Amino acid sequence: MFNVLKNFLAIYQKKIAGGLSASLKTGAAILTATTFASYVLGLLRDRLLAQTFGAGRELDIFNAAFIIPDLLLNIFISGALAAAFIPVFTQLISQKNEKEAFETANSIISSGIIVLLALGSLIFIFADYFAIIVAPGFDEAGRETLVKTMRLLLLSPLIFTFSNALGGMLIGYKSFFAYGLSPVFYNFGIIGGIFLSPFLGIFGPVLGTLAGALLHLGVRIAGILKHNFRYRFAVNFKNQSFRQIIRLMIPKMIGQPTEQLNFWIFAVIASSLSAGSIAILNLARNFQSVPVSLFGIAFSLAAFPALSQAAGEKNKEVYLKILFKTLKNILLFTGLSALFLYLFGEFFIRLFFGGGKFSEQNIRLTAQTLAVFSLAIPTESAIHLLARSFYSLKNTLTPVLISVAGLIIAAFAGFTLAPNFGLSALPFAFFLGSFSEVILLSILLKRKISKEF
């Protein structure tokens, strides 16, 4: 496997990414390789979960327990931080102003911890009510277990607050290896927890998730130490860069929950369908996410610092070259991946999830769901690049508004189609929403570039 991956990366660097800078090619190659390794482990994780618990209520509970903690993290930290922090931090580093860059990072991490501690405490107290909102179709016993697992997983946003901030710094330094390697160790933690399930039941992988989050953080701490960063708890509101990041984060914080809300709505719809529908939807989604992460996210993330630098220098020629070359590569790889999964998805579902408590009916339904999900691979991947193009121009509002429009379209389609077409309606609704976003983002980005350069 490693020889095949090595050959692919060599081809990518020499031919496919020709014309792009060495750092961009290397970054894309490293992120693709580490993302591939992470997703191989992720598929192994899903196989073990499927074989251990089957597509039943326990696995539904495990998946539903992530919704609120992930929503909390993504609203306040993940997407908003990536959109606002990386361009500002990259600019400070390029100006050799590490003192202000580190002070800004300390303020971002500390303020994030304060906010998430406060909100996490409220969610912990009112977890019973959130469980009803997340999965109204669960019975009383299922909701009780959901409350317990959700409360444990509220620790993960605190850990990832620190880890994701360090990840933004690593991207700014173009230290892609430590950034990309951390999800590999996260999956190691979850897999280790699954082996505890004979003793702890569904709480085994839950505790494994927390262990994986700590490993995720540990890898990034090791990566950032060589840049002489030392964290100290401090929030400096007089720091101009910190205030700029907060201003840029606010629109993204408002719009960031759209994807999570999208799948939250899908989970609500799926909870009223047959038992195991949430688990099947998540398993198919995880498979569909592999090429999106390998090519859409990895290529976009590698291009992000270069786009930010070109935008800062008002170099339209370089900016457009990076944008179009990266978009071409994304559409090429994701288009082929979508066709491949559409044709051979059932084979891989059977290979990875067959056996144990995962029945033949579960396999067929998961494969059917994946086939429809594959339509959205190119569109979702393109969104990652187009949105980051706006972020590089320090515009976080437009992608937010477009994502809300996509959410409305997807939710309406899901509620309308699911009663007649069942679970397959949900991935199709997701495709309709993502396709609409690509069209709108493309039109508005063209106008934005014309104004900025």
# chains A, B, ... in the order shown; residues from 1 in each chain; ligands from 1
>>> residues_around(residues="stretch 136-149 of chain A", least_positions_apart="2", cutoff="10 Å", atoms="only C-alpha atoms", output="PyMOL selection string")
chain A and resi 57-58+60-66+124+126-134+151-154+202-203+206-207+267-273+275
>>> residues_around(residues="A:Gln309", least_positions_apart="5", cutoff="9 Å", atoms="only C-alpha atoms", output="PyMOL selection string")
chain A and resi 87+90-91+94+304+314-315+319+392
>>> write_last_selection(atoms="N, CA and C atoms", output="CSV table (one decimal), in the first residue's frame")
chain,number,residue,atom,x,y,z
A,87,PRO,N,-5.4,33.2,7.8
A,87,PRO,CA,-4.9,34.3,7.0
A,87,PRO,C,-4.1,35.3,7.8
A,90,THR,N,-0.8,33.8,9.2
A,90,THR,CA,0.2,33.7,8.0
A,90,THR,C,0.8,35.0,7.7
A,91,GLN,N,0.0,36.1,7.7
A,91,GLN,CA,0.5,37.4,7.4
A,91,GLN,C,1.5,37.9,8.4
A,94,SER,N,4.8,36.0,7.9
A,94,SER,CA,5.5,36.4,6.7
A,94,SER,C,6.1,37.8,7.0
A,304,PHE,N,-4.5,27.1,0.5
A,304,PHE,CA,-5.0,28.3,1.3
A,304,PHE,C,-4.0,29.3,1.7
A,314,LYS,N,-1.8,41.3,-3.8
A,314,LYS,CA,-2.6,41.8,-4.9
A,314,LYS,C,-2.1,41.3,-6.2
A,315,ASN,N,-1.6,40.0,-6.2
A,315,ASN,CA,-1.1,39.4,-7.4
A,315,ASN,C,-2.2,38.5,-8.1
A,319,TYR,N,-2.8,34.4,-8.1
A,319,TYR,CA,-4.0,34.0,-7.4
A,319,TYR,C,-4.9,33.1,-8.3
A,392,SER,N,-9.4,33.8,1.9
A,392,SER,CA,-8.1,34.4,1.6
A,392,SER,C,-8.3,35.9,1.3
>>> atom_distance(atom1="atom CA of A:Ala284", atom2="atom CA of A:Gly335")
17.6 Å
>>> residues_around(residues="stretch 161-176 of chain A", least_positions_apart="6", cutoff="6 Å", atoms="only C-alpha atoms", output="PyMOL selection string")
chain A and resi 27+86+90+109+217
>>> residues_around(residues="A:Tyr186", least_positions_apart="5", cutoff="9 Å", atoms="only C-alpha atoms", output="list in words")
Ser38, Ile191, Gly208, Thr209, Leu210, Ala211, Gly212, Ala213, Leu214, Leu215, His216 and Leu217 of chain A
>>> write_last_selection(atoms="N, CA and C atoms", output="short mmCIF file (atom, residue, chain, number, x, y, z; two decimals), in the first residue's frame")
data_model
loop_
_atom_site.label_atom_id
_atom_site.label_comp_id
_atom_site.auth_asym_id
_atom_site.auth_seq_id
_atom_site.Cartn_x
_atom_site.Cartn_y
_atom_site.Cartn_z
N SER A 38 -5.30 8.28 7.55
CA SER A 38 -6.35 8.50 8.54
C SER A 38 -7.65 7.82 8.14
N ILE A 191 -10.22 3.22 17.93
CA ILE A 191 -10.09 1.78 17.69
C ILE A 191 -9.72 1.05 18.98
N GLY A 208 -12.57 5.81 24.12
CA GLY A 208 -11.53 5.79 23.10
C GLY A 208 -11.48 7.09 22.31
N THR A 209 -12.65 7.69 22.09
CA THR A 209 -12.71 8.97 21.40
C THR A 209 -11.98 10.06 22.19
N LEU A 210 -12.17 10.07 23.49
CA LEU A 210 -11.49 11.07 24.33
C LEU A 210 -9.98 10.82 24.35
N ALA A 211 -9.59 9.54 24.41
CA ALA A 211 -8.16 9.22 24.35
C ALA A 211 -7.57 9.65 23.01
N GLY A 212 -8.31 9.42 21.93
CA GLY A 212 -7.86 9.83 20.61
C GLY A 212 -7.72 11.34 20.49
N ALA A 213 -8.62 12.08 21.12
CA ALA A 213 -8.53 13.54 21.09
C ALA A 213 -7.26 14.02 21.79
N LEU A 214 -6.89 13.37 22.89
CA LEU A 214 -5.65 13.72 23.58
C LEU A 214 -4.43 13.40 22.74
N LEU A 215 -4.46 12.28 22.02
CA LEU A 215 -3.36 11.94 21.11
C LEU A 215 -3.27 12.96 19.98
N HIS A 216 -4.43 13.37 19.45
CA HIS A 216 -4.51 14.40 18.40
C HIS A 216 -3.80 15.67 18.87
N LEU A 217 -4.08 16.08 20.09
CA LEU A 217 -3.45 17.27 20.66
C LEU A 217 -1.96 17.05 20.87
#
>>> residues_around(residues="stretch 417-432 of chain A", least_positions_apart="6", cutoff="10 Å", atoms="only C-alpha atoms", output="PyMOL selection string")
chain A and resi 259+262-263+265-267+269-270+272-274+277-278+280-281+284-285+365-366+368-380+406-407+409-411
>>> residues_around(residues="A:Ala303", least_positions_apart="2", cutoff="9 Å", atoms="only C-alpha atoms", output="list in words")
Leu24, Lys25, Gly27, Ala28, Ala298, Phe299, Ser300, Leu301, Pro305, Ala306, Leu307, Ser308, Ile322, Leu323, Thr326, Leu385 and Arg388 of chain A
>>> write_last_selection(atoms="N, CA and C atoms", output="PDB file, in the first residue's frame")
ATOM      1  N   LEU A  24       3.407  24.317  -2.203  1.00  0.00           N
ATOM      2  CA  LEU A  24       2.017  23.920  -2.412  1.00  0.00           C
ATOM      3  C   LEU A  24       1.932  22.467  -2.837  1.00  0.00           C
ATOM      4  N   LYS A  25       2.828  22.056  -3.744  1.00  0.00           N
ATOM      5  CA  LYS A  25       2.833  20.653  -4.179  1.00  0.00           C
ATOM      6  C   LYS A  25       3.169  19.724  -3.018  1.00  0.00           C
ATOM      7  N   GLY A  27       2.896  20.348   0.206  1.00  0.00           N
ATOM      8  CA  GLY A  27       1.820  20.386   1.189  1.00  0.00           C
ATOM      9  C   GLY A  27       0.642  19.532   0.784  1.00  0.00           C
ATOM     10  N   ALA A  28       0.237  19.634  -0.481  1.00  0.00           N
ATOM     11  CA  ALA A  28      -0.885  18.826  -0.962  1.00  0.00           C
ATOM     12  C   ALA A  28      -0.551  17.344  -0.894  1.00  0.00           C
ATOM     13  N   ALA A 298      -7.777  18.343   1.316  1.00  0.00           N
ATOM     14  CA  ALA A 298      -6.305  18.375   1.315  1.00  0.00           C
ATOM     15  C   ALA A 298      -5.768  19.386   0.308  1.00  0.00           C
ATOM     16  N   PHE A 299      -6.274  19.352  -0.926  1.00  0.00           N
ATOM     17  CA  PHE A 299      -5.792  20.286  -1.946  1.00  0.00           C
ATOM     18  C   PHE A 299      -6.159  21.723  -1.579  1.00  0.00           C
ATOM     19  N   SER A 300      -7.378  21.930  -1.066  1.00  0.00           N
ATOM     20  CA  SER A 300      -7.818  23.281  -0.706  1.00  0.00           C
ATOM     21  C   SER A 300      -7.001  23.836   0.452  1.00  0.00           C
ATOM     22  N   LEU A 301      -6.737  22.989   1.443  1.00  0.00           N
ATOM     23  CA  LEU A 301      -5.981  23.429   2.612  1.00  0.00           C
ATOM     24  C   LEU A 301      -4.542  23.767   2.241  1.00  0.00           C
ATOM     25  N   PRO A 305      -2.803  28.873   2.266  1.00  0.00           N
ATOM     26  CA  PRO A 305      -1.773  29.878   2.573  1.00  0.00           C
ATOM     27  C   PRO A 305      -1.262  30.594   1.325  1.00  0.00           C
ATOM     28  N   ALA A 306      -1.135  29.863   0.211  1.00  0.00           N
ATOM     29  CA  ALA A 306      -0.656  30.475  -1.031  1.00  0.00           C
ATOM     30  C   ALA A 306      -1.675  31.474  -1.578  1.00  0.00           C
ATOM     31  N   LEU A 307      -2.958  31.126  -1.500  1.00  0.00           N
ATOM     32  CA  LEU A 307      -4.006  32.059  -1.923  1.00  0.00           C
ATOM     33  C   LEU A 307      -4.000  33.307  -1.041  1.00  0.00           C
ATOM     34  N   SER A 308      -3.833  33.107   0.266  1.00  0.00           N
ATOM     35  CA  SER A 308      -3.808  34.243   1.195  1.00  0.00           C
ATOM     36  C   SER A 308      -2.628  35.166   0.901  1.00  0.00           C
ATOM     37  N   ILE A 322      -3.300  29.594  -9.092  1.00  0.00           N
ATOM     38  CA  ILE A 322      -3.455  28.645  -7.983  1.00  0.00           C
ATOM     39  C   ILE A 322      -4.895  28.154  -7.900  1.00  0.00           C
ATOM     40  N   LEU A 323      -5.841  29.077  -8.009  1.00  0.00           N
ATOM     41  CA  LEU A 323      -7.259  28.734  -7.881  1.00  0.00           C
ATOM     42  C   LEU A 323      -7.699  27.746  -8.954  1.00  0.00           C
ATOM     43  N   THR A 326      -5.827  24.261  -8.871  1.00  0.00           N
ATOM     44  CA  THR A 326      -6.301  23.444  -7.752  1.00  0.00           C
ATOM     45  C   THR A 326      -7.707  22.933  -8.011  1.00  0.00           C
ATOM     46  N   LEU A 385     -12.750  24.566  -1.639  1.00  0.00           N
ATOM     47  CA  LEU A 385     -11.811  25.482  -2.284  1.00  0.00           C
ATOM     48  C   LEU A 385     -12.430  26.860  -2.488  1.00  0.00           C
ATOM     49  N   ARG A 388     -12.624  28.772   0.779  1.00  0.00           N
ATOM     50  CA  ARG A 388     -11.309  29.242   1.229  1.00  0.00           C
ATOM     51  C   ARG A 388     -10.798  30.376   0.344  1.00  0.00           C
TER      52      ARG A 388
END
>>> closest_residue(among="A:Asn282, A:Lys394, A:Ile297, A:Ala83", to="A:Ala367", atoms="only C-alpha atoms")
A:Asn282
>>> atom_distance(atom1="atom CA of A:Lys357", atom2="atom CA of A:Gly276")
11.8 Å
>>> select_by_dssp(residues="stretch 373-434 of chain A", states="alpha helix (DSSP H)", output="number ranges by chain")
A: 373, 377-392, 397-421, 425-434
>>> write_last_selection(atoms="C-alpha atoms", output="PDB file, in the first residue's frame")
ATOM      1  CA  PHE A 373     -24.025  10.190  -1.689  1.00  0.00           C
ATOM      2  CA  ILE A 377     -18.341  14.213  -3.893  1.00  0.00           C
ATOM      3  CA  PRO A 378     -17.253  16.741  -6.587  1.00  0.00           C
ATOM      4  CA  THR A 379     -19.654  19.462  -5.453  1.00  0.00           C
ATOM      5  CA  GLU A 380     -18.782  19.238  -1.762  1.00  0.00           C
ATOM      6  CA  SER A 381     -15.055  19.194  -2.611  1.00  0.00           C
ATOM      7  CA  ALA A 382     -15.358  22.289  -4.799  1.00  0.00           C
ATOM      8  CA  ILE A 383     -17.113  24.131  -1.964  1.00  0.00           C
ATOM      9  CA  HIS A 384     -14.033  23.711   0.259  1.00  0.00           C
ATOM     10  CA  LEU A 385     -11.811  25.482  -2.284  1.00  0.00           C
ATOM     11  CA  LEU A 386     -14.307  28.188  -3.255  1.00  0.00           C
ATOM     12  CA  ALA A 387     -15.025  29.028   0.390  1.00  0.00           C
ATOM     13  CA  ARG A 388     -11.309  29.242   1.229  1.00  0.00           C
ATOM     14  CA  SER A 389     -10.860  31.531  -1.758  1.00  0.00           C
ATOM     15  CA  PHE A 390     -13.273  33.949  -0.110  1.00  0.00           C
ATOM     16  CA  TYR A 391     -11.471  33.533   3.240  1.00  0.00           C
ATOM     17  CA  SER A 392      -8.139  34.370   1.599  1.00  0.00           C
ATOM     18  CA  LEU A 397     -19.713  36.466   5.246  1.00  0.00           C
ATOM     19  CA  THR A 398     -20.476  35.413   1.663  1.00  0.00           C
ATOM     20  CA  PRO A 399     -19.708  31.677   2.109  1.00  0.00           C
ATOM     21  CA  VAL A 400     -21.841  31.726   5.273  1.00  0.00           C
ATOM     22  CA  LEU A 401     -24.869  33.148   3.483  1.00  0.00           C
ATOM     23  CA  ILE A 402     -24.461  30.645   0.654  1.00  0.00           C
ATOM     24  CA  SER A 403     -24.140  27.735   3.095  1.00  0.00           C
ATOM     25  CA  VAL A 404     -27.389  28.788   4.782  1.00  0.00           C
ATOM     26  CA  ALA A 405     -29.096  28.775   1.386  1.00  0.00           C
ATOM     27  CA  GLY A 406     -27.714  25.289   0.742  1.00  0.00           C
ATOM     28  CA  LEU A 407     -28.972  24.118   4.145  1.00  0.00           C
ATOM     29  CA  ILE A 408     -32.491  25.372   3.436  1.00  0.00           C
ATOM     30  CA  ILE A 409     -32.550  23.609   0.066  1.00  0.00           C
ATOM     31  CA  ALA A 410     -31.201  20.337   1.515  1.00  0.00           C
ATOM     32  CA  ALA A 411     -33.548  20.371   4.525  1.00  0.00           C
ATOM     33  CA  PHE A 412     -36.611  21.109   2.406  1.00  0.00           C
ATOM     34  CA  ALA A 413     -35.686  18.343  -0.032  1.00  0.00           C
ATOM     35  CA  GLY A 414     -35.045  15.899   2.832  1.00  0.00           C
ATOM     36  CA  PHE A 415     -38.390  16.453   4.543  1.00  0.00           C
ATOM     37  CA  THR A 416     -40.219  16.408   1.203  1.00  0.00           C
ATOM     38  CA  LEU A 417     -38.621  13.313  -0.327  1.00  0.00           C
ATOM     39  CA  ALA A 418     -37.968  11.038   2.685  1.00  0.00           C
ATOM     40  CA  PRO A 419     -41.609   9.971   3.238  1.00  0.00           C
ATOM     41  CA  ASN A 420     -41.746   8.574  -0.303  1.00  0.00           C
ATOM     42  CA  PHE A 421     -38.156   7.523  -1.022  1.00  0.00           C
ATOM     43  CA  ALA A 425     -33.708  10.822  -0.120  1.00  0.00           C
ATOM     44  CA  LEU A 426     -31.306  12.281   2.447  1.00  0.00           C
ATOM     45  CA  PRO A 427     -28.026  11.968   0.487  1.00  0.00           C
ATOM     46  CA  PHE A 428     -29.839  13.199  -2.629  1.00  0.00           C
ATOM     47  CA  ALA A 429     -31.061  16.221  -0.683  1.00  0.00           C
ATOM     48  CA  PHE A 430     -27.456  16.823   0.406  1.00  0.00           C
ATOM     49  CA  PHE A 431     -26.352  16.767  -3.247  1.00  0.00           C
ATOM     50  CA  LEU A 432     -29.006  19.308  -4.240  1.00  0.00           C
ATOM     51  CA  GLY A 433     -27.853  21.655  -1.484  1.00  0.00           C
ATOM     52  CA  SER A 434     -24.145  21.342  -2.324  1.00  0.00           C
TER      53      SER A 434
END
>>> closest_residue(among="A:Pro251, A:Pro69, A:Gly42, A:Gly204", to="A:Asn395", atoms="only C-alpha atoms")
A:Pro251
>>> atom_distance(atom1="atom CA of A:Val318", atom2="atom CA of A:Leu444")
19.6 Å
